[in-house]
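Enquirer: Sharing a structure below in structure tokens format, with a few things to ask.
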Amino acid sequence: MIAKHLLYTMNSSSKIRFGILGCSRVAQKGMLPAICGSGMAELGMIGSRSAEKAKEISSRFNCTAFGTYEDVINNKKIDAVYVSLPNGLHEKWSIKATEAGKHVLCEKPATTSYASAKRMVASARKNKTRLLEGYMFRYHPQHAKAISLIKEGILGELIRFEGVFGYPMPERSSTMMQKELSGGSFYGSAGYPVSASRMVFNEEPISVFCRLIIDSESGVDIKTEIMLEYPNNKFALASSVFGSYFQSTYSVLGTKACVRVARAYAVPKDRKTKIFLDADDEVREIGIEPADHFQIMLEDFFKEILRGAEGSKKYEDELLLQARVMEAAKLSDKEKRIVKISEIQ
């Protein structure tokens with residue numbers, strides 16, 4: 001009944017009232033501006049563990065309502081929430097939100113285990129709400145262009161994917177460096193190239209081998225190397241690194257050509273991107289106009305919410321599939337062996 005009531009009020013007001021849980025950097029730089037710039041959404045309330053921070057961010061984004069996380073969850077005027085908390089808190093607050101009948105867009109990674117992912121999805125389905133994991137990069141038009149080249153057969157048979165997401169070492173005080181908050185490169189950035197490989201190959205891996213390098217001072221992993229085996233002898237290498245020169249890229253090698261996406265994951269909305277197609281001993285540069293992948297993701301989410309029972313996007317299935325692969329990778333590092341994805345149940 002809650003979900004049906006929310007759908008009715010959203011349709012009648014024509015805008016989705018969005019609440020925010022957490023005032024993270026990505027929320028302030030990406031998601032909040034995208035919500036404020038959307039004609040389909042209204043920023044309804046901002047929640048923070050700090051009352052002062054909630055008030056400050058609300059003022060900056062012209063939002064009149066602010067309070068605690070619980071205040072946002074209990075606000076009957078809020079239709080959907082964006083969860084932008086430390087990784088280890090995603091499950092708790094996403095489930096609280098879905099139990100309150102609110103749709104959830106959860107910052108990536110949405111979960112730190114496959115079991116957690118199943119609990120989150122079960123709650124969303126039980127309460128007839130939608131749950132989207134916020135891998136916003138997937139919505140940037142450059143990936144559709146790269147995939148179109150693959151579908152046209154320009155690359156021939158696909159052989160190998162290689163993705164890297166690396167950047168300078170986070171501050172020691174950052175949540176990214178806090179073990180108790182599920183920080184580290186594995187949760188912080190390894191999911192991007194893994195997700196990209198699944199998107200590009202358009203299928204699920206068969207097995208995975210993973211190795212984590214642990215920082216002795218913080219206890220978190222600062223380097224992740226993952227090898228994924230896909231059907232028909234295709235392989236993907238996914239790397240994430242803290243303490244490197246910035247890299248946010250992937251390349252796909254085929255029997256006839258190779259395509260490289262130069263700025264794949266974190267792309268400012270005003271930045272043009274480039275795809276490089278290496279074929280017939282020539283490298284062709286393909287320019288992609290600036291796009292706000294946060295806003296494109298939000299618009300997709302909003303439209304799906306408004307479709308209600310007629311919605312066709314498989315957000316929850318995608319979250320489960322990604323979580324399953326990452327769970328297998330964790331097990332691989334722990335047991336120092338190749339893990340078949342089918343082992344994760």
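Note on naming: chains are A, B, ... as they come in the structure tokens, residues start from 1 per chain, ligands start from 1 in the order shown.
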Tell me which protein, DNA and RNA residues are within 10 Å of Lys223 (chain A), counting only C-alpha atoms, leaving out same-chain ones fewer than 4 positions away, and put them as a list in words.

Expert: Gly166, Gly184, Ser185, Phe186, Ser189, Ala190, Arg211, Leu212, Ile213, Ile214, Asp215, Ser239, Ser240, Val241, Phe242, Gly243 and Ser244 of chain A

Enquirer: Write out as a ChimeraX atom specification the residues lying within 9 Å of Arg119 (chain A), counting only C-alpha atoms and excluding same-chain residues fewer than 4 positions away.

Expert: /A:91,95,114-115,123-124

Enquirer: Please dump the current selection as an mmCIF file, in the first residue's frame; keep N, CA and C atoms.

Expert:
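Okay, again_26.cif is ready:
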data_model
loop_
_atom_site.group_PDB
_atom_site.id
_atom_site.type_symbol
_atom_site.label_atom_id
_atom_site.label_comp_id
_atom_site.auth_asym_id
_atom_site.auth_seq_id
_atom_site.Cartn_x
_atom_site.Cartn_y
_atom_site.Cartn_z
ATOM 1 N N GLU A 91 23.880 -1.335 3.350
ATOM 2 C CA GLU A 91 22.791 -2.295 3.546
ATOM 3 C C GLU A 91 21.795 -1.795 4.593
ATOM 4 N N ILE A 95 17.932 -0.798 3.401
ATOM 5 C CA ILE A 95 16.808 -1.614 3.862
ATOM 6 C C ILE A 95 15.837 -0.782 4.696
ATOM 7 N N TYR A 114 27.697 -10.761 -1.135
ATOM 8 C CA TYR A 114 26.566 -11.261 -1.911
ATOM 9 C C TYR A 114 25.351 -11.494 -1.022
ATOM 10 N N ALA A 115 25.602 -11.957 0.205
ATOM 11 C CA ALA A 115 24.493 -12.157 1.151
ATOM 12 C C ALA A 115 23.792 -10.840 1.443
ATOM 13 N N SER A 123 14.328 -7.073 0.308
ATOM 14 C CA SER A 123 13.548 -6.028 0.959
ATOM 15 C C SER A 123 12.883 -5.115 -0.066
ATOM 16 N N ALA A 124 13.629 -4.749 -1.102
ATOM 17 C CA ALA A 124 13.063 -3.887 -2.138
ATOM 18 C C ALA A 124 11.880 -4.557 -2.829
#

Enquirer: Expressed in Å to a single decimal, how great is the separation between CA of Glu162 (chain A) and CA of Thr255 (chain A)?

Expert: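 Value for the CA of Glu162 (chain A)-CA of Thr255 (chain A) distance: 15.2 Å.
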
Enquirer: Just want the 10 Å neighbourhood of region 52-60 of chain A, counted on only C-alpha atoms, with same-chain residues fewer than 2 positions away dropped. Output as an NGL selection string.

Expert: :A and (20-23 or 28 or 32 or 43-50 or 62-69)

Enquirer: Residues near Tyr82 (chain A), anyone? I mean within 12 Å using only C-alpha atoms, not counting same-chain ones fewer than 4 positions away, as number ranges by chain.

Expert: A: 17-24, 26-28, 30-32, 34-35, 43-47, 69, 72-73, 78, 90, 93-94, 97-98, 102-108, 110, 130-134, 294, 298, 301

Enquirer: Could you write out that same residue set with N, CA and C atoms as a compact mmCIF listing (two decimals), in the first residue's frame?

Expert:
# COMPACT_ATOMS: atom_id res chain seq x y z
N ARG A 17 10.20 13.37 -5.22
CA ARG A 17 10.82 14.07 -4.09
C ARG A 17 11.94 13.20 -3.53
N PHE A 18 13.14 13.73 -3.64
CA PHE A 18 14.34 12.96 -3.33
C PHE A 18 14.93 13.38 -1.99
N GLY A 19 15.29 12.38 -1.18
CA GLY A 19 16.00 12.62 0.07
C GLY A 19 17.42 12.11 -0.03
N ILE A 20 18.32 12.73 0.70
CA ILE A 20 19.74 12.38 0.66
C ILE A 20 20.20 11.86 2.00
N LEU A 21 20.85 10.71 2.00
CA LEU A 21 21.46 10.17 3.22
C LEU A 21 22.97 10.24 3.06
N GLY A 22 23.57 11.26 3.67
CA GLY A 22 25.02 11.41 3.60
C GLY A 22 25.43 12.53 2.67
N CYS A 23 26.37 13.34 3.14
CA CYS A 23 26.84 14.51 2.37
C CYS A 23 28.26 14.27 1.85
N SER A 24 28.46 13.16 1.19
CA SER A 24 29.78 12.79 0.68
C SER A 24 30.22 13.73 -0.44
N VAL A 26 31.06 12.81 -3.48
CA VAL A 26 30.39 12.45 -4.73
C VAL A 26 28.96 12.96 -4.74
N ALA A 27 28.31 13.01 -3.57
CA ALA A 27 26.96 13.56 -3.49
C ALA A 27 26.97 15.04 -3.84
N GLN A 28 27.93 15.77 -3.28
CA GLN A 28 27.99 17.21 -3.50
C GLN A 28 28.42 17.58 -4.91
N GLY A 30 28.43 15.43 -7.72
CA GLY A 30 27.73 14.78 -8.81
C GLY A 30 26.24 14.68 -8.65
N MET A 31 25.80 14.03 -7.58
CA MET A 31 24.38 13.68 -7.47
C MET A 31 23.48 14.86 -7.14
N LEU A 32 23.87 15.68 -6.16
CA LEU A 32 23.02 16.81 -5.78
C LEU A 32 22.83 17.80 -6.94
N ALA A 34 22.92 17.08 -10.05
CA ALA A 34 22.10 16.39 -11.04
C ALA A 34 20.63 16.40 -10.64
N ILE A 35 20.34 16.19 -9.36
CA ILE A 35 18.96 16.23 -8.89
C ILE A 35 18.38 17.63 -9.08
N LEU A 43 14.55 18.20 -4.79
CA LEU A 43 15.37 17.88 -3.63
C LEU A 43 14.55 18.18 -2.38
N GLY A 44 14.09 17.09 -1.72
CA GLY A 44 13.15 17.26 -0.62
C GLY A 44 13.76 17.39 0.75
N MET A 45 14.89 16.70 1.00
CA MET A 45 15.48 16.73 2.35
C MET A 45 16.89 16.17 2.32
N ILE A 46 17.75 16.74 3.14
CA ILE A 46 19.13 16.27 3.25
C ILE A 46 19.39 15.79 4.67
N GLY A 47 19.93 14.57 4.78
CA GLY A 47 20.23 14.00 6.09
C GLY A 47 21.72 13.78 6.28
N TYR A 69 19.54 10.96 9.38
CA TYR A 69 19.16 9.92 8.43
C TYR A 69 17.74 9.43 8.72
N VAL A 72 15.02 11.68 7.42
CA VAL A 72 14.76 11.53 5.99
C VAL A 72 13.90 10.30 5.74
N ILE A 73 14.28 9.18 6.36
CA ILE A 73 13.54 7.93 6.18
C ILE A 73 12.08 8.08 6.61
N ILE A 78 8.90 12.25 1.21
CA ILE A 78 10.03 11.78 0.40
C ILE A 78 9.65 10.49 -0.32
N HIS A 90 25.74 0.81 3.78
CA HIS A 90 24.78 0.82 2.68
C HIS A 90 23.60 -0.12 2.92
N TRP A 93 20.96 1.16 5.78
CA TRP A 93 20.11 2.31 5.48
C TRP A 93 19.28 2.10 4.21
N SER A 94 19.77 1.29 3.29
CA SER A 94 18.96 0.97 2.11
C SER A 94 17.74 0.16 2.52
N ALA A 97 15.21 2.25 4.24
CA ALA A 97 14.48 3.07 3.28
C ALA A 97 13.42 2.26 2.54
N THR A 98 13.79 1.08 2.06
CA THR A 98 12.82 0.27 1.32
C THR A 98 11.68 -0.20 2.24
N LYS A 102 10.29 3.53 0.32
CA LYS A 102 10.99 4.49 -0.54
C LYS A 102 11.92 3.76 -1.52
N HIS A 103 11.98 4.28 -2.72
CA HIS A 103 12.90 3.77 -3.73
C HIS A 103 14.31 4.20 -3.34
N VAL A 104 15.30 3.39 -3.75
CA VAL A 104 16.68 3.65 -3.32
C VAL A 104 17.64 3.65 -4.50
N LEU A 105 18.41 4.72 -4.58
CA LEU A 105 19.58 4.76 -5.45
C LEU A 105 20.78 4.74 -4.51
N CYS A 106 21.50 3.62 -4.50
CA CYS A 106 22.58 3.43 -3.54
C CYS A 106 23.93 3.62 -4.21
N GLU A 107 24.77 4.41 -3.59
CA GLU A 107 26.12 4.64 -4.12
C GLU A 107 26.87 3.32 -4.25
N LYS A 108 27.72 3.22 -5.26
CA LYS A 108 28.47 2.00 -5.47
C LYS A 108 29.68 1.95 -4.53
N ALA A 110 27.06 -1.02 -3.78
CA ALA A 110 25.87 -1.03 -2.93
C ALA A 110 26.05 -1.97 -1.75
N ARG A 130 12.04 0.19 -5.91
CA ARG A 130 13.15 -0.08 -6.81
C ARG A 130 14.47 0.22 -6.13
N LEU A 131 15.50 -0.55 -6.54
CA LEU A 131 16.83 -0.43 -5.93
C LEU A 131 17.87 -0.43 -7.04
N LEU A 132 18.56 0.68 -7.19
CA LEU A 132 19.57 0.84 -8.24
C LEU A 132 20.94 1.09 -7.62
N GLU A 133 21.93 0.32 -8.09
CA GLU A 133 23.31 0.56 -7.67
C GLU A 133 23.91 1.63 -8.57
N GLY A 134 24.50 2.67 -7.97
CA GLY A 134 24.86 3.87 -8.71
C GLY A 134 26.16 3.84 -9.50
N PHE A 294 25.66 11.36 -14.22
CA PHE A 294 24.82 11.33 -13.02
C PHE A 294 23.37 11.65 -13.38
N LEU A 298 19.99 9.33 -13.26
CA LEU A 298 18.84 9.75 -12.48
C LEU A 298 17.56 9.77 -13.32
N PHE A 301 16.34 6.34 -13.79
CA PHE A 301 15.77 5.85 -12.53
C PHE A 301 14.38 6.43 -12.30

Enquirer: Give me the residues near Ile296 (chain A) as a list in words, where near means some atom within 7 Å (using only C-alpha atoms) and where sequence neighbours in that chain fewer than 4 positions away do not count.

Expert: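 Listed by chain and then number, they are Tyr139, Asp292 and Asp300 of chain A.
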
Enquirer: Would you mind exporting N, CA and C atoms of the selected residues as a short mmCIF file (atom, residue, chain, number, x, y, z; two decimals), in the first residue's frame?

Expert:
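Below you can see selection-v8.cif, which holds the result:
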data_model
loop_
_atom_site.label_atom_id
_atom_site.label_comp_id
_atom_site.auth_asym_id
_atom_site.auth_seq_id
_atom_site.Cartn_x
_atom_site.Cartn_y
_atom_site.Cartn_z
N TYR A 139 26.17 5.01 -17.88
CA TYR A 139 25.19 5.82 -18.60
C TYR A 139 25.83 6.85 -19.53
N ASP A 292 26.46 14.53 -18.66
CA ASP A 292 26.38 14.36 -17.20
C ASP A 292 25.82 12.97 -16.92
N ASP A 300 16.89 8.05 -15.93
CA ASP A 300 16.51 6.67 -16.19
C ASP A 300 15.80 6.07 -14.97
#

Enquirer: Write out as a VMD selection string which residues come within 9 Å of Ile286 (chain A) when counting only C-alpha atoms, dropping same-chain ones fewer than 4 positions away.

Expert: chain A and resid 273 to 277

Enquirer: Could you pull out all residues of region 52-120 of chain A with a DSSP call of strand (DSSP E) and give them as a VMD selection string?

Expert: chain A and resid 66 to 67 80 to 83 103 to 107

Enquirer: Check region 39-175 of chain A with DSSP on the backbone and list each residue it calls helix (DSSP H, G or I), as a PDB file with N, CA and C atoms, in the first residue's frame.

Expert:
ATOM      1  N   ALA A  51      24.297  17.740  12.304  1.00  0.00           N
ATOM      2  CA  ALA A  51      23.237  18.719  12.056  1.00  0.00           C
ATOM      3  C   ALA A  51      23.787  19.947  11.347  1.00  0.00           C
ATOM      4  N   GLU A  52      24.983  20.341  11.726  1.00  0.00           N
ATOM      5  CA  GLU A  52      25.612  21.518  11.108  1.00  0.00           C
ATOM      6  C   GLU A  52      25.896  21.263   9.638  1.00  0.00           C
ATOM      7  N   LYS A  53      26.388  20.064   9.310  1.00  0.00           N
ATOM      8  CA  LYS A  53      26.692  19.720   7.924  1.00  0.00           C
ATOM      9  C   LYS A  53      25.409  19.655   7.101  1.00  0.00           C
ATOM     10  N   ALA A  54      24.372  19.063   7.673  1.00  0.00           N
ATOM     11  CA  ALA A  54      23.093  18.966   6.963  1.00  0.00           C
ATOM     12  C   ALA A  54      22.547  20.357   6.640  1.00  0.00           C
ATOM     13  N   LYS A  55      22.647  21.257   7.585  1.00  0.00           N
ATOM     14  CA  LYS A  55      22.164  22.620   7.386  1.00  0.00           C
ATOM     15  C   LYS A  55      22.985  23.335   6.321  1.00  0.00           C
ATOM     16  N   GLU A  56      24.307  23.159   6.369  1.00  0.00           N
ATOM     17  CA  GLU A  56      25.203  23.821   5.411  1.00  0.00           C
ATOM     18  C   GLU A  56      24.929  23.369   3.984  1.00  0.00           C
ATOM     19  N   ILE A  57      24.842  22.049   3.782  1.00  0.00           N
ATOM     20  CA  ILE A  57      24.618  21.515   2.430  1.00  0.00           C
ATOM     21  C   ILE A  57      23.228  21.858   1.933  1.00  0.00           C
ATOM     22  N   SER A  58      22.245  21.833   2.812  1.00  0.00           N
ATOM     23  CA  SER A  58      20.882  22.203   2.427  1.00  0.00           C
ATOM     24  C   SER A  58      20.827  23.639   1.935  1.00  0.00           C
ATOM     25  N   SER A  59      21.525  24.513   2.648  1.00  0.00           N
ATOM     26  CA  SER A  59      21.566  25.917   2.252  1.00  0.00           C
ATOM     27  C   SER A  59      22.225  26.085   0.887  1.00  0.00           C
ATOM     28  N   ARG A  60      23.294  25.348   0.673  1.00  0.00           N
ATOM     29  CA  ARG A  60      24.030  25.457  -0.591  1.00  0.00           C
ATOM     30  C   ARG A  60      23.181  25.033  -1.777  1.00  0.00           C
ATOM     31  N   TYR A  69      19.542  10.965   9.376  1.00  0.00           N
ATOM     32  CA  TYR A  69      19.165   9.918   8.425  1.00  0.00           C
ATOM     33  C   TYR A  69      17.745   9.425   8.723  1.00  0.00           C
ATOM     34  N   GLU A  70      17.461   9.228   9.989  1.00  0.00           N
ATOM     35  CA  GLU A  70      16.129   8.767  10.387  1.00  0.00           C
ATOM     36  C   GLU A  70      15.051   9.776   9.998  1.00  0.00           C
ATOM     37  N   ASP A  71      15.367  11.058  10.102  1.00  0.00           N
ATOM     38  CA  ASP A  71      14.400  12.095   9.717  1.00  0.00           C
ATOM     39  C   ASP A  71      14.020  11.966   8.249  1.00  0.00           C
ATOM     40  N   VAL A  72      15.022  11.681   7.422  1.00  0.00           N
ATOM     41  CA  VAL A  72      14.761  11.531   5.986  1.00  0.00           C
ATOM     42  C   VAL A  72      13.897  10.296   5.739  1.00  0.00           C
ATOM     43  N   ILE A  73      14.280   9.180   6.362  1.00  0.00           N
ATOM     44  CA  ILE A  73      13.541   7.928   6.181  1.00  0.00           C
ATOM     45  C   ILE A  73      12.084   8.076   6.614  1.00  0.00           C
ATOM     46  N   ASN A  74      11.856   8.819   7.703  1.00  0.00           N
ATOM     47  CA  ASN A  74      10.503   8.943   8.258  1.00  0.00           C
ATOM     48  C   ASN A  74       9.675  10.057   7.631  1.00  0.00           C
ATOM     49  N   ASN A  87      30.714   2.505   2.724  1.00  0.00           N
ATOM     50  CA  ASN A  87      30.267   1.232   2.144  1.00  0.00           C
ATOM     51  C   ASN A  87      29.611   0.294   3.150  1.00  0.00           C
ATOM     52  N   GLY A  88      30.176   0.227   4.343  1.00  0.00           N
ATOM     53  CA  GLY A  88      29.679  -0.690   5.345  1.00  0.00           C
ATOM     54  C   GLY A  88      28.305  -0.349   5.888  1.00  0.00           C
ATOM     55  N   LEU A  89      27.780   0.835   5.551  1.00  0.00           N
ATOM     56  CA  LEU A  89      26.474   1.265   6.044  1.00  0.00           C
ATOM     57  C   LEU A  89      25.373   1.193   4.981  1.00  0.00           C
ATOM     58  N   HIS A  90      25.742   0.815   3.782  1.00  0.00           N
ATOM     59  CA  HIS A  90      24.776   0.819   2.679  1.00  0.00           C
ATOM     60  C   HIS A  90      23.598  -0.117   2.924  1.00  0.00           C
ATOM     61  N   GLU A  91      23.880  -1.335   3.350  1.00  0.00           N
ATOM     62  CA  GLU A  91      22.791  -2.295   3.546  1.00  0.00           C
ATOM     63  C   GLU A  91      21.795  -1.795   4.593  1.00  0.00           C
ATOM     64  N   LYS A  92      22.294  -1.395   5.737  1.00  0.00           N
ATOM     65  CA  LYS A  92      21.426  -0.969   6.840  1.00  0.00           C
ATOM     66  C   LYS A  92      20.450   0.104   6.398  1.00  0.00           C
ATOM     67  N   TRP A  93      20.959   1.165   5.781  1.00  0.00           N
ATOM     68  CA  TRP A  93      20.106   2.308   5.477  1.00  0.00           C
ATOM     69  C   TRP A  93      19.281   2.104   4.207  1.00  0.00           C
ATOM     70  N   SER A  94      19.773   1.292   3.286  1.00  0.00           N
ATOM     71  CA  SER A  94      18.963   0.971   2.108  1.00  0.00           C
ATOM     72  C   SER A  94      17.745   0.164   2.516  1.00  0.00           C
ATOM     73  N   ILE A  95      17.932  -0.798   3.401  1.00  0.00           N
ATOM     74  CA  ILE A  95      16.808  -1.614   3.862  1.00  0.00           C
ATOM     75  C   ILE A  95      15.837  -0.782   4.696  1.00  0.00           C
ATOM     76  N   LYS A  96      16.359   0.105   5.533  1.00  0.00           N
ATOM     77  CA  LYS A  96      15.474   0.999   6.289  1.00  0.00           C
ATOM     78  C   LYS A  96      14.596   1.811   5.330  1.00  0.00           C
ATOM     79  N   ALA A  97      15.209   2.255   4.244  1.00  0.00           N
ATOM     80  CA  ALA A  97      14.477   3.075   3.277  1.00  0.00           C
ATOM     81  C   ALA A  97      13.424   2.258   2.538  1.00  0.00           C
ATOM     82  N   THR A  98      13.789   1.076   2.060  1.00  0.00           N
ATOM     83  CA  THR A  98      12.817   0.268   1.323  1.00  0.00           C
ATOM     84  C   THR A  98      11.679  -0.198   2.240  1.00  0.00           C
ATOM     85  N   GLU A  99      12.004  -0.477   3.504  1.00  0.00           N
ATOM     86  CA  GLU A  99      10.956  -0.859   4.452  1.00  0.00           C
ATOM     87  C   GLU A  99       9.985   0.291   4.707  1.00  0.00           C
ATOM     88  N   TYR A 114      27.697 -10.761  -1.135  1.00  0.00           N
ATOM     89  CA  TYR A 114      26.566 -11.261  -1.911  1.00  0.00           C
ATOM     90  C   TYR A 114      25.351 -11.494  -1.022  1.00  0.00           C
ATOM     91  N   ALA A 115      25.602 -11.957   0.205  1.00  0.00           N
ATOM     92  CA  ALA A 115      24.493 -12.157   1.151  1.00  0.00           C
ATOM     93  C   ALA A 115      23.792 -10.840   1.443  1.00  0.00           C
ATOM     94  N   SER A 116      24.576  -9.782   1.598  1.00  0.00           N
ATOM     95  CA  SER A 116      24.026  -8.458   1.835  1.00  0.00           C
ATOM     96  C   SER A 116      23.185  -8.006   0.641  1.00  0.00           C
ATOM     97  N   ALA A 117      23.698  -8.234  -0.558  1.00  0.00           N
ATOM     98  CA  ALA A 117      22.969  -7.861  -1.772  1.00  0.00           C
ATOM     99  C   ALA A 117      21.621  -8.562  -1.833  1.00  0.00           C
ATOM    100  N   LYS A 118      21.597  -9.834  -1.489  1.00  0.00           N
ATOM    101  CA  LYS A 118      20.336 -10.590  -1.524  1.00  0.00           C
ATOM    102  C   LYS A 118      19.335 -10.050  -0.508  1.00  0.00           C
ATOM    103  N   ARG A 119      19.825  -9.651   0.661  1.00  0.00           N
ATOM    104  CA  ARG A 119      18.914  -9.085   1.666  1.00  0.00           C
ATOM    105  C   ARG A 119      18.344  -7.753   1.192  1.00  0.00           C
ATOM    106  N   MET A 120      19.181  -6.927   0.587  1.00  0.00           N
ATOM    107  CA  MET A 120      18.725  -5.626   0.103  1.00  0.00           C
ATOM    108  C   MET A 120      17.685  -5.779  -1.000  1.00  0.00           C
ATOM    109  N   VAL A 121      17.954  -6.658  -1.948  1.00  0.00           N
ATOM    110  CA  VAL A 121      17.036  -6.866  -3.060  1.00  0.00           C
ATOM    111  C   VAL A 121      15.730  -7.490  -2.576  1.00  0.00           C
ATOM    112  N   ALA A 122      15.831  -8.423  -1.641  1.00  0.00           N
ATOM    113  CA  ALA A 122      14.620  -9.056  -1.089  1.00  0.00           C
ATOM    114  C   ALA A 122      13.723  -8.014  -0.430  1.00  0.00           C
ATOM    115  N   SER A 123      14.328  -7.073   0.308  1.00  0.00           N
ATOM    116  CA  SER A 123      13.548  -6.028   0.959  1.00  0.00           C
ATOM    117  C   SER A 123      12.883  -5.115  -0.066  1.00  0.00           C
ATOM    118  N   ALA A 124      13.629  -4.749  -1.102  1.00  0.00           N
ATOM    119  CA  ALA A 124      13.063  -3.887  -2.138  1.00  0.00           C
ATOM    120  C   ALA A 124      11.880  -4.557  -2.829  1.00  0.00           C
ATOM    121  N   ARG A 125      12.035  -5.833  -3.161  1.00  0.00           N
ATOM    122  CA  ARG A 125      10.966  -6.544  -3.851  1.00  0.00           C
ATOM    123  C   ARG A 125       9.752  -6.759  -2.944  1.00  0.00           C
ATOM    124  N   LYS A 126      10.000  -7.066  -1.691  1.00  0.00           N
ATOM    125  CA  LYS A 126       8.908  -7.261  -0.738  1.00  0.00           C
ATOM    126  C   LYS A 126       8.081  -5.991  -0.590  1.00  0.00           C
ATOM    127  N   MET A 136      27.238   5.105 -12.170  1.00  0.00           N
ATOM    128  CA  MET A 136      26.786   6.130 -13.116  1.00  0.00           C
ATOM    129  C   MET A 136      27.546   6.092 -14.424  1.00  0.00           C
ATOM    130  N   PHE A 137      28.811   5.618 -14.418  1.00  0.00           N
ATOM    131  CA  PHE A 137      29.632   5.658 -15.631  1.00  0.00           C
ATOM    132  C   PHE A 137      28.984   4.897 -16.781  1.00  0.00           C
ATOM    133  N   ARG A 138      28.204   3.861 -16.452  1.00  0.00           N
ATOM    134  CA  ARG A 138      27.565   3.045 -17.482  1.00  0.00           C
ATOM    135  C   ARG A 138      26.634   3.871 -18.381  1.00  0.00           C
ATOM    136  N   TYR A 139      26.171   5.014 -17.877  1.00  0.00           N
ATOM    137  CA  TYR A 139      25.193   5.819 -18.604  1.00  0.00           C
ATOM    138  C   TYR A 139      25.829   6.853 -19.534  1.00  0.00           C
ATOM    139  N   PRO A 141      27.382   8.354 -22.756  1.00  0.00           N
ATOM    140  CA  PRO A 141      27.213   7.950 -24.166  1.00  0.00           C
ATOM    141  C   PRO A 141      28.448   7.316 -24.805  1.00  0.00           C
ATOM    142  N   GLN A 142      29.632   7.563 -24.254  1.00  0.00           N
ATOM    143  CA  GLN A 142      30.837   7.007 -24.863  1.00  0.00           C
ATOM    144  C   GLN A 142      30.825   5.470 -24.860  1.00  0.00           C
ATOM    145  N   HIS A 143      30.205   4.878 -23.856  1.00  0.00           N
ATOM    146  CA  HIS A 143      30.181   3.415 -23.794  1.00  0.00           C
ATOM    147  C   HIS A 143      29.238   2.828 -24.835  1.00  0.00           C
ATOM    148  N   ALA A 144      28.137   3.511 -25.060  1.00  0.00           N
ATOM    149  CA  ALA A 144      27.221   3.067 -26.115  1.00  0.00           C
ATOM    150  C   ALA A 144      27.922   3.101 -27.469  1.00  0.00           C
ATOM    151  N   LYS A 145      28.782   4.118 -27.663  1.00  0.00           N
ATOM    152  CA  LYS A 145      29.526   4.218 -28.917  1.00  0.00           C
ATOM    153  C   LYS A 145      30.534   3.083 -29.038  1.00  0.00           C
ATOM    154  N   ALA A 146      31.271   2.812 -27.954  1.00  0.00           N
ATOM    155  CA  ALA A 146      32.251   1.719 -27.981  1.00  0.00           C
ATOM    156  C   ALA A 146      31.567   0.389 -28.254  1.00  0.00           C
ATOM    157  N   ILE A 147      30.423   0.170 -27.617  1.00  0.00           N
ATOM    158  CA  ILE A 147      29.700  -1.090 -27.793  1.00  0.00           C
ATOM    159  C   ILE A 147      29.123  -1.193 -29.201  1.00  0.00           C
ATOM    160  N   SER A 148      28.731  -0.057 -29.780  1.00  0.00           N
ATOM    161  CA  SER A 148      28.208  -0.085 -31.154  1.00  0.00           C
ATOM    162  C   SER A 148      29.290  -0.522 -32.142  1.00  0.00           C
ATOM    163  N   LEU A 149      30.538  -0.109 -31.890  1.00  0.00           N
ATOM    164  CA  LEU A 149      31.654  -0.539 -32.744  1.00  0.00           C
ATOM    165  C   LEU A 149      31.835  -2.048 -32.652  1.00  0.00           C
ATOM    166  N   ILE A 150      31.669  -2.579 -31.431  1.00  0.00           N
ATOM    167  CA  ILE A 150      31.779  -4.019 -31.234  1.00  0.00           C
ATOM    168  C   ILE A 150      30.658  -4.747 -31.965  1.00  0.00           C
ATOM    169  N   LYS A 151      29.429  -4.233 -31.822  1.00  0.00           N
ATOM    170  CA  LYS A 151      28.281  -4.879 -32.461  1.00  0.00           C
ATOM    171  C   LYS A 151      28.355  -4.829 -33.977  1.00  0.00           C
ATOM    172  N   THR A 175      37.346   7.961   4.664  1.00  0.00           N
ATOM    173  CA  THR A 175      36.638   6.693   4.864  1.00  0.00           C
ATOM    174  C   THR A 175      37.195   5.604   3.952  1.00  0.00           C
TER     175      THR A 175
END

Enquirer: Which is closer to Glu229 (chain A) than all the others in A:Tyr315, A:Tyr250, A:Tyr192, A:Phe161, using only C-alpha atoms?

Expert: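 Smallest distance to Glu229 (chain A) is found for A:Phe161.
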